[in-house]
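K.L.:
Input file: model_37.cif. Contents: mmCIF, C-alpha atoms.
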```
data_run
loop_
_atom_site.group_PDB
_atom_site.id
_atom_site.type_symbol
_atom_site.label_atom_id
_atom_site.label_comp_id
_atom_site.auth_asym_id
_atom_site.auth_seq_id
_atom_site.Cartn_x
_atom_site.Cartn_y
_atom_site.Cartn_z
ATOM 1 C CA VAL D 389 0.000 0.000 0.000
ATOM 2 C CA GLU D 390 1.379 3.332 -1.056
ATOM 3 C CA VAL D 391 0.479 6.235 1.218
ATOM 4 C CA VAL D 392 0.411 9.568 -0.591
ATOM 5 C CA ALA D 393 -0.844 13.021 0.336
ATOM 6 C CA ASN D 394 -3.240 15.439 -1.289
ATOM 7 C CA ILE D 395 -2.016 19.018 -1.182
ATOM 8 C CA GLY D 396 -3.484 22.285 -2.347
ATOM 9 C CA LEU D 397 -0.923 24.908 -1.390
ATOM 10 C CA PRO D 398 2.858 25.312 -1.638
ATOM 11 C CA GLY D 399 4.512 24.272 1.604
ATOM 12 C CA GLU D 400 2.097 21.448 2.343
ATOM 13 C CA GLU D 401 4.563 19.000 0.794
ATOM 14 C CA ALA D 402 6.840 19.519 3.819
ATOM 15 C CA ASP D 403 4.024 18.500 6.160
ATOM 16 C CA ALA D 404 3.288 15.494 3.951
ATOM 17 C CA LEU D 405 6.910 14.379 4.106
ATOM 18 C CA LYS D 406 7.007 14.819 7.898
ATOM 19 C CA ALA D 407 3.898 12.644 8.134
ATOM 20 C CA GLY D 408 5.593 9.922 6.070
ATOM 21 C CA ALA D 409 3.953 10.445 2.679
ATOM 22 C CA GLU D 410 5.486 8.394 -0.101
ATOM 23 C CA GLY D 411 4.411 10.946 -2.705
ATOM 24 C CA ILE D 412 1.720 13.400 -3.667
ATOM 25 C CA GLY D 413 -1.368 11.641 -4.996
ATOM 26 C CA LEU D 414 -3.080 14.906 -5.861
ATOM 27 C CA LEU D 415 -1.455 18.289 -6.287
ATOM 28 C CA ARG D 416 -4.363 20.685 -6.643
ATOM 29 C CA THR D 417 -3.131 23.476 -8.892
ATOM 30 C CA GLU D 418 -6.177 25.750 -8.509
ATOM 31 C CA PHE D 419 -4.409 27.868 -5.884
ATOM 32 C CA LEU D 420 -2.582 29.625 -8.705
ATOM 33 C CA PHE D 421 -5.734 30.449 -10.643
ATOM 34 C CA MET D 422 -8.179 31.580 -7.956
ATOM 35 C CA GLU D 423 -8.821 35.162 -6.913
ATOM 36 C CA ARG D 424 -6.770 36.649 -9.759
ATOM 37 C CA GLN D 425 -7.660 39.157 -12.418
ATOM 38 C CA THR D 426 -5.294 37.540 -14.936
ATOM 39 C CA ALA D 427 -4.150 33.987 -15.527
ATOM 40 C CA PRO D 428 -0.782 33.083 -13.987
ATOM 41 C CA THR D 429 2.168 33.138 -16.362
ATOM 42 C CA GLU D 430 4.239 30.099 -17.176
ATOM 43 C CA GLU D 431 7.073 31.469 -15.046
ATOM 44 C CA GLU D 432 4.804 32.116 -12.041
ATOM 45 C CA GLN D 433 3.489 28.584 -12.273
ATOM 46 C CA PHE D 434 6.969 27.104 -12.692
ATOM 47 C CA ARG D 435 8.186 28.953 -9.575
ATOM 48 C CA ALA D 436 5.224 27.601 -7.592
ATOM 49 C CA TYR D 437 5.469 23.978 -8.780
ATOM 50 C CA ARG D 438 9.247 23.509 -8.814
ATOM 51 C CA PRO D 439 9.841 23.644 -5.013
ATOM 52 C CA ILE D 440 7.087 21.077 -4.477
ATOM 53 C CA LEU D 441 8.568 18.675 -7.001
ATOM 54 C CA GLU D 442 12.120 19.238 -5.758
ATOM 55 C CA ALA D 443 11.064 18.550 -2.167
ATOM 56 C CA MET D 444 9.483 15.271 -3.216
ATOM 57 C CA GLY D 445 12.588 14.184 -5.160
ATOM 58 C CA GLN D 446 11.856 10.877 -6.896
ATOM 59 C CA ARG D 447 8.619 10.338 -5.011
ATOM 60 C CA PRO D 448 5.647 10.580 -7.407
ATOM 61 C CA VAL D 449 3.791 13.868 -7.699
ATOM 62 C CA ILE D 450 0.471 13.692 -9.532
ATOM 63 C CA ALA D 451 -0.454 17.209 -10.624
ATOM 64 C CA ARG D 452 -4.078 17.777 -11.546
ATOM 65 C CA THR D 453 -4.462 20.418 -14.228
ATOM 66 C CA LEU D 454 -6.852 23.364 -14.166
ATOM 67 C CA ASP D 455 -9.818 22.182 -12.124
ATOM 68 C CA ILE D 456 -11.487 25.590 -12.261
ATOM 69 C CA GLY D 457 -15.016 26.582 -13.095
ATOM 70 C CA GLY D 458 -18.257 25.438 -11.551
ATOM 71 C CA ASP D 459 -17.744 25.535 -7.798
ATOM 72 C CA LYS D 460 -14.260 27.073 -8.242
ATOM 73 C CA PRO D 461 -14.691 30.166 -10.432
ATOM 74 C CA ALA D 462 -11.678 32.100 -11.636
ATOM 75 C CA ALA D 463 -12.171 35.867 -11.760
ATOM 76 C CA PHE D 464 -10.169 36.216 -14.975
ATOM 77 C CA LEU D 465 -12.626 33.956 -16.828
ATOM 78 C CA SER D 466 -16.065 35.125 -17.794
ATOM 79 C CA MET D 467 -18.130 32.266 -16.427
ATOM 80 C CA PRO D 468 -21.761 31.940 -17.528
ATOM 81 C CA HIS D 469 -24.411 31.010 -14.964
ATOM 82 C CA GLU D 470 -25.128 27.266 -15.049
ATOM 83 C CA ASP D 471 -27.893 25.284 -13.422
ATOM 84 C CA ASN D 472 -25.458 22.433 -12.722
ATOM 85 C CA PRO D 473 -21.961 23.977 -12.499
ATOM 86 C CA PHE D 474 -20.416 20.784 -11.115
ATOM 87 C CA LEU D 475 -20.827 19.005 -14.466
ATOM 88 C CA GLY D 476 -20.841 22.034 -16.751
ATOM 89 C CA TRP D 477 -18.163 24.268 -18.259
ATOM 90 C CA ARG D 478 -15.160 23.563 -16.073
ATOM 91 C CA ALA D 479 -11.834 21.748 -15.797
ATOM 92 C CA ILE D 480 -10.779 20.021 -19.042
ATOM 93 C CA ARG D 481 -13.581 21.731 -20.992
ATOM 94 C CA ILE D 482 -12.163 25.159 -20.145
ATOM 95 C CA GLY D 483 -8.641 23.985 -20.908
ATOM 96 C CA LEU D 484 -9.606 22.611 -24.309
ATOM 97 C CA ALA D 485 -11.703 25.691 -25.143
ATOM 98 C CA GLN D 486 -8.725 27.893 -24.212
ATOM 99 C CA PRO D 487 -5.766 25.711 -25.190
ATOM 100 C CA GLU D 488 -3.101 28.366 -24.526
ATOM 101 C CA LEU D 489 -4.247 28.555 -20.900
ATOM 102 C CA LEU D 490 -3.844 24.798 -20.465
ATOM 103 C CA LYS D 491 -0.678 24.576 -22.547
ATOM 104 C CA THR D 492 0.935 27.309 -20.444
ATOM 105 C CA GLN D 493 0.219 25.222 -17.356
ATOM 106 C CA LEU D 494 1.533 22.070 -19.022
ATOM 107 C CA ARG D 495 4.809 23.761 -20.011
ATOM 108 C CA ALA D 496 5.246 25.045 -16.446
ATOM 109 C CA LEU D 497 4.570 21.598 -14.978
ATOM 110 C CA LEU D 498 6.879 19.860 -17.440
ATOM 111 C CA ARG D 499 9.675 22.335 -16.697
ATOM 112 C CA ALA D 500 9.123 21.997 -12.950
ATOM 113 C CA GLY D 501 9.144 18.209 -13.242
ATOM 114 C CA HIS D 502 12.607 17.999 -14.829
ATOM 115 C CA GLY D 503 14.597 15.395 -12.893
ATOM 116 C CA CYS D 504 11.591 14.541 -10.715
ATOM 117 C CA ASN D 505 8.763 12.009 -10.834
ATOM 118 C CA LEU D 506 5.958 14.138 -12.297
ATOM 119 C CA LYS D 507 2.661 12.629 -13.411
ATOM 120 C CA ILE D 508 -0.119 14.696 -14.986
ATOM 121 C CA MET D 509 -3.820 14.083 -14.409
ATOM 122 C CA PHE D 510 -6.658 15.751 -16.302
ATOM 123 C CA PRO D 511 -9.937 16.370 -14.417
ATOM 124 C CA MET D 512 -13.528 15.938 -15.599
ATOM 125 C CA VAL D 513 -12.702 14.035 -18.787
ATOM 126 C CA ALA D 514 -15.891 12.620 -20.270
ATOM 127 C CA THR D 515 -14.892 11.355 -23.727
ATOM 128 C CA VAL D 516 -12.055 9.676 -25.562
ATOM 129 C CA GLU D 517 -11.837 12.772 -27.779
ATOM 130 C CA GLU D 518 -11.253 15.029 -24.759
ATOM 131 C CA MET D 519 -8.454 12.771 -23.552
ATOM 132 C CA GLN D 520 -6.888 12.662 -27.016
ATOM 133 C CA ALA D 521 -7.062 16.469 -27.278
ATOM 134 C CA ALA D 522 -5.488 16.872 -23.834
ATOM 135 C CA ARG D 523 -2.715 14.437 -24.762
ATOM 136 C CA ALA D 524 -2.114 16.401 -27.995
ATOM 137 C CA LEU D 525 -1.607 19.574 -25.923
ATOM 138 C CA VAL D 526 1.021 17.742 -23.850
ATOM 139 C CA GLU D 527 2.774 16.756 -27.077
ATOM 140 C CA GLU D 528 2.675 20.399 -28.248
ATOM 141 C CA ALA D 529 4.058 21.588 -24.898
ATOM 142 C CA TRP D 530 6.912 19.070 -25.145
ATOM 143 C CA ALA D 531 7.695 20.242 -28.692
ATOM 144 C CA GLU D 532 7.678 23.911 -27.684
ATOM 145 C CA LEU D 533 10.004 23.290 -24.733
ATOM 146 C CA ARG D 534 12.310 21.194 -26.908
ATOM 147 C CA GLU D 535 12.387 24.025 -29.469
ATOM 148 C CA ARG D 536 13.265 26.534 -26.723
ATOM 149 C CA GLY D 537 16.053 24.284 -25.474
ATOM 150 C CA GLN D 538 14.647 24.268 -21.930
ATOM 151 C CA PRO D 539 15.021 21.217 -19.710
ATOM 152 C CA PHE D 540 11.753 19.428 -18.965
ATOM 153 C CA ALA D 541 10.328 16.121 -17.816
ATOM 154 C CA GLU D 542 10.025 13.777 -20.777
ATOM 155 C CA ALA D 543 8.983 10.501 -19.137
ATOM 156 C CA VAL D 544 5.668 11.619 -17.678
ATOM 157 C CA GLU D 545 2.693 9.379 -17.032
ATOM 158 C CA ILE D 546 -0.492 11.030 -18.234
ATOM 159 C CA GLY D 547 -3.895 10.084 -16.921
ATOM 160 C CA MET D 548 -7.276 11.360 -15.895
ATOM 161 C CA MET D 549 -9.665 11.398 -12.982
ATOM 162 C CA VAL D 550 -12.635 9.088 -13.395
ATOM 163 C CA GLU D 551 -15.213 11.274 -11.695
ATOM 164 C CA ILE D 552 -18.249 11.421 -13.936
ATOM 165 C CA PRO D 553 -20.558 8.583 -14.995
ATOM 166 C CA SER D 554 -19.704 8.700 -18.700
ATOM 167 C CA ALA D 555 -16.006 8.260 -17.920
ATOM 168 C CA ALA D 556 -16.703 5.306 -15.664
ATOM 169 C CA LEU D 557 -18.727 3.637 -18.411
ATOM 170 C CA ILE D 558 -15.906 3.948 -20.960
ATOM 171 C CA ALA D 559 -12.945 3.643 -18.577
ATOM 172 C CA ASP D 560 -11.503 0.772 -20.622
ATOM 173 C CA LEU D 561 -11.313 3.074 -23.661
ATOM 174 C CA LEU D 562 -9.928 6.027 -21.755
#
```
Represent the structure contained in this file as structure tokens.
P.N.:
Amino acid sequence: VEVVANIGLPGEEADALKAGAEGIGLLRTEFLFMERQTAPTEEEQFRAYRPILEAMGQRPVIARTLDIGGDKPAAFLSMPHEDNPFLGWRAIRIGLAQPELLKTQLRALLRAGHGCNLKIMFPMVATVEEMQAARALVEEAWAELRERGQPFAEAVEIGMMVEIPSAALIADLL
């Protein structure tokens, strides 16, 4: 049994290590996106993620991308009113609708994960097409970092949270 921690703020990794965590099972990245008038830059995100990954060394760190929208609105996004915001326009749907926003986060995570054990998890994926599109953005982020000559994590496991009924029904395909 692997015992990992869920963290939502920088610095919590130290507490997790003190408590004996063998990794981070969920790094909630929303802290960088909430209560802001503009989206965080790649550099801001890199500076926030890198100390967490460095502290964990070769222990796994599963970073969940952009789980904003719905119950976690971001001021810099114009969010329409929804009757059911928990299953509406949020998370991967926002990232795929605004690919530069998600790709900026992916580049920051990949840079921060250089030499560490980074894993990336996409939230609220409902279809195979969404997962394929998310994976394509990772490929683009890798290519852009390679073109820039910046060091980045290349051997990264990529997955998704199974949290909605449609994903559970097609989990074997996802």
K.L.:
For this structure, which residues satisfy the selection - the PyMOL selection byres ((chain D and resi 446) around 12) - when it is evaluated on the file as given? I want them as a list of chain:residue names.
P.N.:
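For this structure, the PyMOL selection byres ((chain D and resi 446) around 12) resolves to D:Glu410, D:Gly411, D:Ile412, D:Ile440, D:Leu441, D:Glu442, D:Ala443, D:Met444, D:Gly445, D:Arg447, D:Pro448, D:Val449, D:Gly501, D:His502, D:Gly503, D:Cys504, D:Asn505, D:Leu506, D:Lys507.
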K.L.:
Counting only C-alpha atoms, what is within 12 Å of D:Thr417, bar same-chain residues fewer than 3 positions away, as a PyMOL selection string?
P.N.:
chain D and resi 394-398+414+420-422+428+433-434+436-437+440+449-456+460+479+490+493-494+496-497+508-511
K.L.:
In terms of the shortest atom-to-atom distance over all atoms listed in the file, which of D:Ala556, D:Ala402, D:Leu498, D:Leu562 is closest to D:Glu542?
P.N.:
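With all atoms listed in the file as the atom set, the closest residue is D:Leu498.
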K.L.:
Kindly indicate which residue among D:Gly537, D:Ala500, D:Pro487, D:Ala559 lies nearest to D:Thr515, using only C-alpha atoms for the distances.
P.N.:
D:Ala559
K.L.:
Please indicate the distance in Å from atom CA of D:Asp560 to atom CA of D:Glu488, rounded to one decimal place.
P.N.:
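The value is 29.1 Å.
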K.L.:
Report, in Å to a single decimal, how far apart atom CA of D:Val389 and atom CA of D:Met519 are.
P.N.:
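Result for atom CA of D:Met519 versus atom CA of D:Val389: 28.1 Å, one decimal.
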K.L.:
List the residues matched by the PyMOL selection byres ((chain D and resi 516) around 10) in the displayed structure as a PyMOL selection string, ordered by chain and then by residue number.
P.N.:
chain D and resi 513-515+517-522+555+558-559+561-562
K.L.:
I'd like the interatomic distance between atom CA of D:Thr429 and atom CA of D:Arg534, to a tenth of an Å.
P.N.:
18.9 Å
K.L.:
Pick the closest to D:Ile552 from D:Leu405, D:Met512, D:Leu533, D:Ile482: which is it, counting only C-alpha atoms?
P.N.:
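Ranking D:Leu405, D:Met512, D:Leu533, D:Ile482 by distance to D:Ile552, first place goes to D:Met512.
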K.L.:
Using only C-alpha atoms, pick whichever of D:Ile546, D:Ala529, D:Thr492, D:Glu535 has the shortest atom-to-atom distance to D:Glu432.
P.N.:
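Using only C-alpha atoms, D:Glu432 sits closest to D:Thr492.
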